[in-house]
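*Asks:* Got a structure for you, start09.cif, holding mmCIF, C-alpha atoms.
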data_entry
loop_
_atom_site.label_atom_id
_atom_site.label_comp_id
_atom_site.auth_asym_id
_atom_site.auth_seq_id
_atom_site.Cartn_x
_atom_site.Cartn_y
_atom_site.Cartn_z
CA MET A 1266 -20.41 -0.77 3.44
CA ASN A 1267 -17.40 -2.36 5.11
CA PHE A 1268 -15.60 -1.05 8.21
CA LEU A 1269 -13.06 1.04 6.28
CA GLU A 1270 -15.65 2.58 3.96
CA GLU A 1271 -17.73 3.52 7.01
CA ARG A 1272 -14.72 5.19 8.60
CA ILE A 1273 -13.93 7.12 5.42
CA VAL A 1274 -17.53 8.41 5.27
CA LYS A 1275 -17.41 9.35 8.97
CA ASP A 1276 -13.95 10.95 9.21
CA GLY A 1277 -12.54 11.38 5.69
CA ILE A 1278 -12.45 14.81 4.05
CA VAL A 1279 -12.73 15.27 0.29
CA LYS A 1280 -10.65 18.13 -1.10
CA GLU A 1281 -10.31 19.65 -4.56
CA GLY A 1282 -8.07 17.77 -6.99
CA ASN A 1283 -9.37 14.30 -6.06
CA VAL A 1284 -7.66 14.37 -2.67
CA LEU A 1285 -9.11 12.21 0.10
CA LYS A 1286 -7.79 13.32 3.46
CA VAL A 1287 -7.72 10.45 5.96
CA ASP A 1288 -5.00 11.76 8.23
CA SER A 1289 -7.13 11.57 11.39
CA PHE A 1290 -7.11 7.75 11.32
CA LEU A 1291 -4.84 6.34 8.60
CA ASN A 1292 -1.74 8.25 7.57
CA HIS A 1293 -0.88 10.84 10.20
CA GLN A 1294 -2.74 9.83 13.33
CA MET A 1295 -3.15 6.05 13.21
CA ASP A 1296 -6.12 4.13 14.62
CA ILE A 1297 -4.54 0.85 15.66
CA GLU A 1298 -7.88 -0.89 16.26
CA LEU A 1299 -8.78 -0.06 12.66
CA PHE A 1300 -5.37 -1.36 11.54
CA GLU A 1301 -6.05 -4.62 13.43
CA LYS A 1302 -9.27 -5.07 11.45
CA MET A 1303 -7.33 -4.35 8.26
CA GLY A 1304 -4.67 -6.93 9.18
CA GLU A 1305 -7.35 -9.52 9.89
CA GLU A 1306 -9.08 -8.78 6.57
CA PHE A 1307 -5.84 -9.01 4.58
CA LYS A 1308 -5.10 -12.34 6.28
CA LYS A 1309 -8.49 -13.63 5.06
CA ARG A 1310 -8.01 -12.30 1.54
CA PHE A 1311 -4.54 -13.83 1.16
CA GLU A 1312 -5.34 -17.07 2.99
CA GLY A 1313 -3.31 -19.98 1.67
CA LYS A 1314 -0.60 -17.77 0.19
CA GLU A 1315 2.94 -18.59 1.24
CA ILE A 1316 4.10 -15.19 2.53
CA ASN A 1317 7.37 -14.66 4.39
CA LYS A 1318 7.96 -10.91 3.85
CA ILE A 1319 5.79 -7.83 3.97
CA LEU A 1320 7.04 -4.96 1.76
CA THR A 1321 5.90 -1.35 1.91
CA ILE A 1322 7.22 2.13 1.22
CA GLU A 1323 7.95 4.84 3.76
CA ALA A 1324 6.23 6.43 5.47
CA SER A 1325 2.45 5.98 5.51
CA GLY A 1326 2.43 2.27 4.68
CA ILE A 1327 4.69 1.26 7.57
CA GLY A 1328 2.08 1.32 10.35
CA ILE A 1329 -0.40 -0.78 8.38
CA ALA A 1330 2.34 -3.17 7.24
CA CYS A 1331 3.50 -3.76 10.82
CA ILE A 1332 0.03 -4.80 11.96
CA VAL A 1333 -0.49 -6.96 8.85
CA ALA A 1334 2.89 -8.63 9.49
CA ARG A 1335 1.64 -9.95 12.83
CA TYR A 1336 -1.08 -11.90 11.01
CA PHE A 1337 1.47 -13.50 8.67
CA ASN A 1338 4.26 -13.91 11.24
CA ALA A 1339 6.62 -12.21 8.80
CA PRO A 1340 9.05 -9.28 9.00
CA VAL A 1341 8.34 -5.91 7.39
CA VAL A 1342 10.80 -4.43 4.91
CA PHE A 1343 10.19 -0.87 3.82
CA ALA A 1344 11.62 0.91 0.82
CA LYS A 1345 13.41 4.07 1.92
CA LYS A 1346 13.02 7.30 -0.02
CA SER A 1347 16.56 8.45 0.62
CA LYS A 1348 19.91 6.83 1.24
CA SER A 1349 21.40 7.50 4.65
CA ILE A 1350 24.90 6.80 5.92
CA ASN A 1351 23.76 3.73 7.83
CA ILE A 1352 22.56 1.91 4.70
CA GLU A 1353 25.46 -0.09 3.40
CA GLY A 1354 26.04 -2.69 0.76
CA GLU A 1355 24.18 -3.34 -2.45
CA MET A 1356 20.65 -2.08 -2.96
CA TYR A 1357 17.67 -2.46 -5.21
CA VAL A 1358 16.56 0.90 -6.58
CA ALA A 1359 13.34 2.04 -8.26
CA ASP A 1360 12.03 5.43 -9.40
CA VAL A 1361 8.74 6.55 -7.85
CA VAL A 1362 6.63 9.65 -8.46
CA SER A 1363 4.39 10.66 -5.54
CA PHE A 1364 0.79 11.67 -6.35
CA THR A 1365 0.46 13.40 -2.96
CA HIS A 1366 3.81 15.19 -2.84
CA LYS A 1367 4.15 15.81 -6.59
CA ASN A 1368 7.81 14.84 -6.60
CA ALA A 1369 10.05 12.01 -7.78
CA ASN A 1370 12.16 9.83 -5.51
CA GLN A 1371 14.40 6.87 -5.87
CA VAL A 1372 13.36 4.25 -3.36
CA ILE A 1373 15.84 1.72 -2.08
CA VAL A 1374 15.86 -1.63 -0.31
CA SER A 1375 19.03 -3.30 0.89
CA LYS A 1376 19.73 -6.56 -0.93
CA LYS A 1377 20.32 -8.29 2.40
CA PHE A 1378 16.60 -8.00 3.27
CA LEU A 1379 15.03 -9.31 0.04
CA GLY A 1380 16.10 -12.24 -2.09
CA PRO A 1381 15.00 -14.98 -4.48
CA ASN A 1382 13.45 -17.16 -1.75
CA ASP A 1383 11.08 -14.46 -0.55
CA LYS A 1384 7.32 -14.63 -1.07
CA VAL A 1385 6.20 -11.03 -0.71
CA LEU A 1386 2.95 -9.35 0.26
CA ILE A 1387 3.09 -5.67 -0.72
CA ILE A 1388 1.07 -3.38 1.57
CA ASP A 1389 0.33 0.34 1.14
CA ASP A 1390 -2.17 2.92 2.34
CA PHE A 1391 -3.25 4.32 -1.06
CA LEU A 1392 -3.30 3.32 -4.69
CA ALA A 1393 -3.71 6.40 -6.86
CA ASN A 1394 -1.45 6.68 -9.90
CA GLY A 1395 0.31 3.41 -9.07
CA CYS A 1396 3.89 4.70 -9.21
CA ALA A 1397 4.75 3.58 -5.67
CA LEU A 1398 3.27 0.17 -6.34
CA GLN A 1399 5.10 -0.19 -9.66
CA GLY A 1400 8.34 0.75 -7.86
CA LEU A 1401 7.79 -1.91 -5.19
CA ILE A 1402 6.96 -4.54 -7.82
CA SER A 1403 10.18 -3.58 -9.63
CA ILE A 1404 12.19 -4.05 -6.43
CA VAL A 1405 10.64 -7.51 -5.84
CA ASN A 1406 11.46 -8.45 -9.45
CA GLN A 1407 15.04 -7.18 -9.11
CA ALA A 1408 15.43 -9.41 -6.04
CA GLY A 1409 14.15 -12.44 -7.94
CA ALA A 1410 11.45 -12.74 -5.28
CA THR A 1411 7.75 -13.41 -5.89
CA VAL A 1412 4.84 -11.02 -5.38
CA GLU A 1413 2.24 -13.24 -3.70
CA GLY A 1414 -0.26 -10.41 -3.36
CA ILE A 1415 -0.84 -6.70 -2.97
CA GLY A 1416 -2.96 -5.24 -0.17
CA ILE A 1417 -4.12 -1.63 -0.38
CA ALA A 1418 -6.19 0.22 2.21
CA ILE A 1419 -7.80 2.74 -0.17
CA GLU A 1420 -7.79 2.54 -3.96
CA LYS A 1421 -8.88 5.44 -6.14
CA GLY A 1422 -10.76 3.26 -8.61
CA PHE A 1423 -11.44 6.16 -10.97
CA GLN A 1424 -7.70 6.49 -11.67
CA LEU A 1425 -7.66 3.01 -13.28
CA GLU A 1426 -4.18 1.96 -12.09
CA GLY A 1427 -5.72 -0.84 -10.06
CA ASN A 1428 -7.04 -2.35 -13.29
CA VAL A 1429 -3.56 -2.11 -14.85
CA ILE A 1430 -2.03 -3.98 -11.89
CA ARG A 1431 -4.77 -6.64 -11.90
CA ASN A 1432 -4.34 -7.10 -15.67
CA MET A 1433 -0.65 -7.82 -15.01
CA GLY A 1434 -1.83 -10.93 -13.14
CA PHE A 1435 -1.37 -9.79 -9.56
CA GLN A 1436 -3.90 -10.48 -6.79
CA LEU A 1437 -4.66 -6.90 -5.75
CA GLU A 1438 -7.00 -6.55 -2.79
CA SER A 1439 -8.19 -3.07 -1.81
CA LEU A 1440 -10.28 -2.71 1.33
CA ALA A 1441 -12.06 0.38 -0.01
CA ILE A 1442 -12.29 1.31 -3.69
CA VAL A 1443 -13.40 4.90 -4.27
CA ASP A 1444 -15.29 5.28 -7.55
CA SER A 1445 -15.94 9.02 -7.19
CA MET A 1446 -15.56 11.93 -4.80
CA ASP A 1447 -17.23 15.33 -4.71
CA ALA A 1448 -15.33 18.10 -2.93
CA ALA A 1449 -18.41 20.37 -2.96
CA THR A 1450 -20.63 17.91 -1.08
CA GLY A 1451 -17.97 15.77 0.60
CA GLU A 1452 -19.66 12.68 -0.84
CA VAL A 1453 -17.59 9.56 -1.51
CA LYS A 1454 -18.99 6.71 -3.63
CA PHE A 1455 -17.49 3.24 -3.30
CA ARG A 1456 -17.34 0.35 -5.71
CA GLY A 1457 -19.25 -2.70 -4.56
CA GLN A 1458 -16.96 -5.61 -3.80
#
Can I see the file as C-alpha coordinates?
*Replies:*
Amino acid sequence: MNFLEERIVKDGIVKEGNVLKVDSFLNHQMDIELFEKMGEEFKKRFEGKEINKILTIEASGIGIACIVARYFNAPVVFAKKSKSINIEGEMYVADVVSFTHKNANQVIVSKKFLGPNDKVLIIDDFLANGCALQGLISIVNQAGATVEGIGIAIEKGFQLEGNVIRNMGFQLESLAIVDSMDAATGEVKFRGQ
(Lines of atoms letter the chains of each structure in order from A and count residues from 1; the text may use other names and numbers.)
(Lines give C-alpha, C1' and ligand atoms only; values in the text may rest on other atoms or scores of the structure.)
Protein backbone atom coordinates (compact mmCIF):
# COMPACT_ATOMS: atom_id res chain seq x y z
CA MET A 1 0.00 0.00 0.00
CA ASN A 2 1.34 3.45 -0.83
CA PHE A 3 1.18 6.52 1.43
CA LEU A 4 -2.14 7.79 0.05
CA GLU A 5 -3.84 4.40 0.20
CA GLU A 6 -2.70 4.05 3.82
CA ARG A 7 -4.16 7.45 4.64
CA ILE A 8 -7.47 6.59 2.97
CA VAL A 9 -7.70 3.37 5.01
CA LYS A 10 -6.84 5.26 8.21
CA ASP A 11 -8.99 8.39 7.81
CA GLY A 12 -11.33 7.92 4.84
CA ILE A 13 -15.02 7.19 5.39
CA VAL A 14 -17.06 5.11 2.95
CA LYS A 15 -20.67 6.24 2.57
CA GLU A 16 -23.64 4.85 0.66
CA GLY A 17 -23.74 5.63 -3.07
CA ASN A 18 -20.02 4.97 -3.67
CA VAL A 19 -18.97 8.11 -1.80
CA LEU A 20 -15.49 8.19 -0.29
CA LYS A 21 -15.23 10.98 2.26
CA VAL A 22 -11.66 12.27 2.57
CA ASP A 23 -12.44 15.74 3.83
CA SER A 24 -10.28 15.41 6.96
CA PHE A 25 -7.07 15.42 4.89
CA LEU A 26 -7.71 16.08 1.19
CA ASN A 27 -10.61 18.28 0.15
CA HIS A 28 -11.83 20.30 3.12
CA GLN A 29 -9.05 20.20 5.68
CA MET A 30 -5.79 19.80 3.77
CA ASP A 31 -2.74 17.89 5.03
CA ILE A 32 0.12 19.81 3.43
CA GLU A 33 2.74 17.18 4.33
CA LEU A 34 0.62 14.64 2.45
CA PHE A 35 0.32 17.09 -0.46
CA GLU A 36 4.14 17.42 -0.50
CA LYS A 37 4.45 13.64 -0.88
CA MET A 38 1.87 13.79 -3.67
CA GLY A 39 3.80 16.57 -5.44
CA GLU A 40 7.02 14.59 -5.18
CA GLU A 41 5.32 11.46 -6.54
CA PHE A 42 3.75 13.33 -9.48
CA LYS A 43 7.17 14.81 -10.28
CA LYS A 44 8.59 11.25 -10.47
CA ARG A 45 5.72 9.97 -12.59
CA PHE A 46 5.95 12.82 -15.10
CA GLU A 47 9.75 13.03 -15.11
CA GLY A 48 11.09 14.17 -18.47
CA LYS A 49 7.83 15.81 -19.51
CA GLU A 50 8.09 19.42 -20.62
CA ILE A 51 5.49 21.05 -18.34
CA ASN A 52 5.05 24.80 -18.03
CA LYS A 53 1.46 25.04 -16.69
CA ILE A 54 -0.55 23.19 -14.09
CA LEU A 55 -4.31 23.20 -14.74
CA THR A 56 -7.02 22.25 -12.25
CA ILE A 57 -10.64 23.06 -11.47
CA GLU A 58 -11.97 24.91 -8.46
CA ALA A 59 -12.09 24.23 -5.65
CA SER A 60 -10.70 20.95 -4.30
CA GLY A 61 -7.93 20.55 -6.86
CA ILE A 62 -6.33 23.94 -6.17
CA GLY A 63 -4.43 23.01 -3.00
CA ILE A 64 -2.91 19.89 -4.55
CA ALA A 65 -2.11 21.74 -7.78
CA CYS A 66 -0.27 24.50 -5.91
CA ILE A 67 2.04 22.02 -4.18
CA VAL A 68 2.59 20.06 -7.42
CA ALA A 69 3.42 23.34 -9.21
CA ARG A 70 6.40 23.88 -6.91
CA TYR A 71 7.93 20.62 -8.17
CA PHE A 72 7.56 21.72 -11.81
CA ASN A 73 8.36 25.41 -11.26
CA ALA A 74 5.18 26.28 -13.14
CA PRO A 75 2.16 28.49 -12.45
CA VAL A 76 -1.27 27.07 -11.58
CA VAL A 77 -4.30 28.01 -13.66
CA PHE A 78 -7.67 26.93 -12.35
CA ALA A 79 -10.93 26.71 -14.22
CA LYS A 80 -13.57 28.80 -12.48
CA LYS A 81 -17.10 27.51 -12.06
CA SER A 82 -18.71 30.90 -12.44
CA LYS A 83 -17.92 34.13 -14.20
CA SER A 84 -17.31 37.09 -11.92
CA ILE A 85 -17.04 40.77 -12.78
CA ASN A 86 -13.25 40.72 -12.51
CA ILE A 87 -12.83 38.16 -15.31
CA GLU A 88 -12.48 40.08 -18.51
CA GLY A 89 -11.63 39.30 -22.09
CA GLU A 90 -12.06 36.12 -24.06
CA MET A 91 -12.46 32.79 -22.32
CA TYR A 92 -12.39 29.09 -22.97
CA VAL A 93 -15.59 27.44 -21.77
CA ALA A 94 -16.50 23.80 -21.09
CA ASP A 95 -19.56 22.09 -19.62
CA VAL A 96 -18.95 19.96 -16.52
CA VAL A 97 -21.32 17.81 -14.47
CA SER A 98 -20.25 17.26 -10.85
CA PHE A 99 -20.55 13.72 -9.44
CA THR A 100 -20.39 15.07 -5.87
CA HIS A 101 -22.72 18.05 -6.21
CA LYS A 102 -25.05 16.52 -8.82
CA ASN A 103 -25.19 19.72 -10.84
CA ALA A 104 -23.90 21.11 -14.13
CA ASN A 105 -21.56 24.07 -14.46
CA GLN A 106 -19.79 25.87 -17.20
CA VAL A 107 -16.13 26.19 -16.29
CA ILE A 108 -14.04 28.99 -17.69
CA VAL A 109 -10.39 29.88 -18.15
CA SER A 110 -9.23 33.25 -19.44
CA LYS A 111 -7.48 32.99 -22.79
CA LYS A 112 -4.63 35.13 -21.47
CA PHE A 113 -3.52 32.29 -19.14
CA LEU A 114 -3.48 29.36 -21.59
CA GLY A 115 -2.24 29.27 -25.16
CA PRO A 116 -0.73 27.16 -27.93
CA ASN A 117 2.78 27.14 -26.41
CA ASP A 118 1.64 25.65 -23.12
CA LYS A 119 2.53 22.10 -22.05
CA VAL A 120 -0.08 21.29 -19.42
CA LEU A 121 -0.22 18.91 -16.49
CA ILE A 122 -3.83 18.53 -15.33
CA ILE A 123 -4.20 17.87 -11.59
CA ASP A 124 -7.37 17.00 -9.65
CA ASP A 125 -8.36 15.39 -6.37
CA PHE A 126 -10.83 12.79 -7.71
CA LEU A 127 -11.63 10.99 -10.92
CA ALA A 128 -15.15 9.56 -10.75
CA ASN A 129 -17.36 10.06 -13.79
CA GLY A 130 -14.66 12.02 -15.62
CA CYS A 131 -16.75 15.07 -16.51
CA ALA A 132 -14.39 17.55 -14.82
CA LEU A 133 -11.42 15.94 -16.51
CA GLN A 134 -13.11 15.93 -19.92
CA GLY A 135 -13.92 19.63 -19.42
CA LEU A 136 -10.29 20.46 -18.61
CA ILE A 137 -9.05 18.47 -21.61
CA SER A 138 -11.53 20.40 -23.78
CA ILE A 139 -10.18 23.71 -22.47
CA VAL A 140 -6.57 22.66 -23.22
CA ASN A 141 -7.64 21.62 -26.73
CA GLN A 142 -9.50 24.92 -27.28
CA ALA A 143 -6.28 26.76 -26.33
CA GLY A 144 -4.25 24.74 -28.81
CA ALA A 145 -2.08 23.67 -25.88
CA THR A 146 -0.83 20.14 -25.17
CA VAL A 147 -1.88 17.83 -22.34
CA GLU A 148 1.46 16.38 -21.19
CA GLY A 149 -0.14 14.35 -18.42
CA ILE A 150 -2.97 14.02 -15.93
CA GLY A 151 -2.38 13.52 -12.21
CA ILE A 152 -5.24 12.38 -9.99
CA ALA A 153 -5.08 11.83 -6.23
CA ILE A 154 -7.91 9.25 -6.02
CA GLU A 155 -9.47 7.42 -8.95
CA LYS A 156 -12.65 5.40 -8.59
CA GLY A 157 -11.45 2.57 -10.81
CA PHE A 158 -14.81 0.81 -10.76
CA GLN A 159 -16.39 3.74 -12.64
CA LEU A 160 -14.17 3.00 -15.69
CA GLU A 161 -13.65 6.63 -16.79
CA GLY A 162 -9.93 6.28 -16.12
CA ASN A 163 -9.79 3.57 -18.78
CA VAL A 164 -11.61 5.85 -21.23
CA ILE A 165 -9.06 8.63 -20.65
CA ARG A 166 -6.09 6.24 -20.93
CA ASN A 167 -7.54 4.80 -24.15
CA MET A 168 -7.59 8.34 -25.56
CA GLY A 169 -3.78 8.23 -25.33
CA PHE A 170 -3.23 10.37 -22.24
CA GLN A 171 -0.72 9.51 -19.51
CA LEU A 172 -3.08 9.33 -16.54
CA GLU A 173 -1.42 8.72 -13.19
CA SER A 174 -3.62 8.14 -10.14
CA LEU A 175 -1.94 7.84 -6.75
CA ALA A 176 -4.72 5.61 -5.39
CA ILE A 177 -7.14 3.62 -7.55
CA VAL A 178 -10.16 2.36 -5.63
CA ASP A 179 -11.50 -0.89 -7.09
CA SER A 180 -14.35 -1.30 -4.59
CA MET A 181 -15.83 0.18 -1.43
CA ASP A 182 -18.24 -1.25 1.11
CA ALA A 183 -20.27 1.26 3.11
CA ALA A 184 -21.42 -1.46 5.56
CA THR A 185 -17.89 -2.47 6.57
CA GLY A 186 -15.99 0.68 5.59
CA GLU A 187 -13.59 -1.48 3.59
CA VAL A 188 -11.77 0.01 0.60
CA LYS A 189 -9.97 -2.22 -1.91
CA PHE A 190 -7.26 -0.74 -4.10
CA ARG A 191 -5.94 -1.76 -7.48
CA GLY A 192 -2.33 -2.87 -7.45
CA GLN A 193 -0.10 -0.48 -9.36
*Asks:* Once the PyMOL selection byres ((chain A and resi 1311-1319) around 12) has been applied to the shown file, what residues remain in the selection, as a tab-separated table (two decimals) with C-alpha atoms, in the coordinates of the input?
*Replies:*
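After the write, selection-v4.tsv holds the following:
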chain	number	residue	atom	x	y	z
A	1304	GLY	CA	-4.67	-6.93	9.18
A	1305	GLU	CA	-7.35	-9.52	9.89
A	1306	GLU	CA	-9.08	-8.78	6.57
A	1307	PHE	CA	-5.84	-9.01	4.58
A	1308	LYS	CA	-5.10	-12.34	6.28
A	1309	LYS	CA	-8.49	-13.63	5.06
A	1310	ARG	CA	-8.01	-12.30	1.54
A	1320	LEU	CA	7.04	-4.96	1.76
A	1321	THR	CA	5.90	-1.35	1.91
A	1322	ILE	CA	7.22	2.13	1.22
A	1326	GLY	CA	2.43	2.27	4.68
A	1327	ILE	CA	4.69	1.26	7.57
A	1328	GLY	CA	2.08	1.32	10.35
A	1329	ILE	CA	-0.40	-0.78	8.38
A	1330	ALA	CA	2.34	-3.17	7.24
A	1331	CYS	CA	3.50	-3.76	10.82
A	1332	ILE	CA	0.03	-4.80	11.96
A	1333	VAL	CA	-0.49	-6.96	8.85
A	1334	ALA	CA	2.89	-8.63	9.49
A	1335	ARG	CA	1.64	-9.95	12.83
A	1336	TYR	CA	-1.08	-11.90	11.01
A	1337	PHE	CA	1.47	-13.50	8.67
A	1338	ASN	CA	4.26	-13.91	11.24
A	1339	ALA	CA	6.62	-12.21	8.80
A	1340	PRO	CA	9.05	-9.28	9.00
A	1341	VAL	CA	8.34	-5.91	7.39
A	1342	VAL	CA	10.80	-4.43	4.91
A	1343	PHE	CA	10.19	-0.87	3.82
A	1344	ALA	CA	11.62	0.91	0.82
A	1378	PHE	CA	16.60	-8.00	3.27
A	1379	LEU	CA	15.03	-9.31	0.04
A	1380	GLY	CA	16.10	-12.24	-2.09
A	1381	PRO	CA	15.00	-14.98	-4.48
A	1382	ASN	CA	13.45	-17.16	-1.75
A	1383	ASP	CA	11.08	-14.46	-0.55
A	1384	LYS	CA	7.32	-14.63	-1.07
A	1385	VAL	CA	6.20	-11.03	-0.71
A	1386	LEU	CA	2.95	-9.35	0.26
A	1387	ILE	CA	3.09	-5.67	-0.72
A	1388	ILE	CA	1.07	-3.38	1.57
A	1389	ASP	CA	0.33	0.34	1.14
A	1401	LEU	CA	7.79	-1.91	-5.19
A	1405	VAL	CA	10.64	-7.51	-5.84
A	1410	ALA	CA	11.45	-12.74	-5.28
A	1411	THR	CA	7.75	-13.41	-5.89
A	1412	VAL	CA	4.84	-11.02	-5.38
A	1413	GLU	CA	2.24	-13.24	-3.70
A	1414	GLY	CA	-0.26	-10.41	-3.36
A	1415	ILE	CA	-0.84	-6.70	-2.97
A	1416	GLY	CA	-2.96	-5.24	-0.17
A	1435	PHE	CA	-1.37	-9.79	-9.56
A	1436	GLN	CA	-3.90	-10.48	-6.79
A	1437	LEU	CA	-4.66	-6.90	-5.75
A	1438	GLU	CA	-7.00	-6.55	-2.79
A	1439	SER	CA	-8.19	-3.07	-1.81
*Asks:* Find the distance between CA of Leu1398 in chain A and CA of Glu1426 in chain A and write it in Å to one decimal.
*Replies:* 9.6 Å
*Asks:* What does the PyMOL selection byres ((chain A and resi 1291) around 9) select in this file, as a PyMOL selection string?
*Replies:* chain A and resi 1287-1290+1292-1297+1299-1300+1325+1328-1329+1390+1418
*Asks:* Quick check, in Å to one decimal: how far apart do CA of Ala1359 in chain A and CA of Ile1417 in chain A lie?
*Replies:*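 CA of Ile1417 in chain A lies 19.5 Å from CA of Ala1359 in chain A.
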*Asks:* Can you give me, as a list in words, the residues this file yields under the PyMOL selection byres ((chain A and resi 1420) around 6)?
*Replies:*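 So the PyMOL selection byres ((chain A and resi 1420) around 6) ends up selecting Phe1391, Leu1392, Ile1419, Lys1421, Gly1422 and Ile1442 of chain A.
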*Asks:* Could you please determine the separation between CA of Val1453 in chain A and CA of Ala1324 in chain A in Å, to one decimal place?
*Replies:* 25.0 Å
*Asks:* Within 12 Å of Thr1450 in chain A, counting all atoms listed in the file, which residues qualify if same-chain residues fewer than 6 places away don't, as a count of residues only?
*Replies:* 5
*Asks:* I'd like the neighbourhood of Phe1455 in chain A as a PyMOL selection string, where a residue qualifies if any of its atoms comes within 7 Å (using only C-alpha atoms), though same-chain residues fewer than 5 positions away should be ignored.
*Replies:* chain A and resi 1441-1444
*Asks:* Edge lengths and centre in Å to one decimal, as AutoDock Vina command-line options, is what I'm after for the box along x, y and z that holds all listed atoms of range 1272-1276 of chain A once 8 Å is added on each side.
*Replies:*
--center_x -15.7 --center_y 8.1 --center_z 7.2 --size_x 19.6 --size_y 21.8 --size_z 19.9
*Asks:* Nearest residue to Met1356 in chain A out of A:Asp1276, A:Ala1393, A:Arg1456, A:Ala1408, using all atoms listed in the file?
*Replies:* A:Ala1408
*Asks:* Nearest to Tyr1357 in chain A among A:Lys1376, A:Lys1302, A:Lys1345, A:Lys1454, with distances taken over only C-alpha atoms: which residue is it?
*Replies:*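 Ranking A:Lys1376, A:Lys1302, A:Lys1345, A:Lys1454 by distance to Tyr1357 in chain A, first place goes to A:Lys1376.
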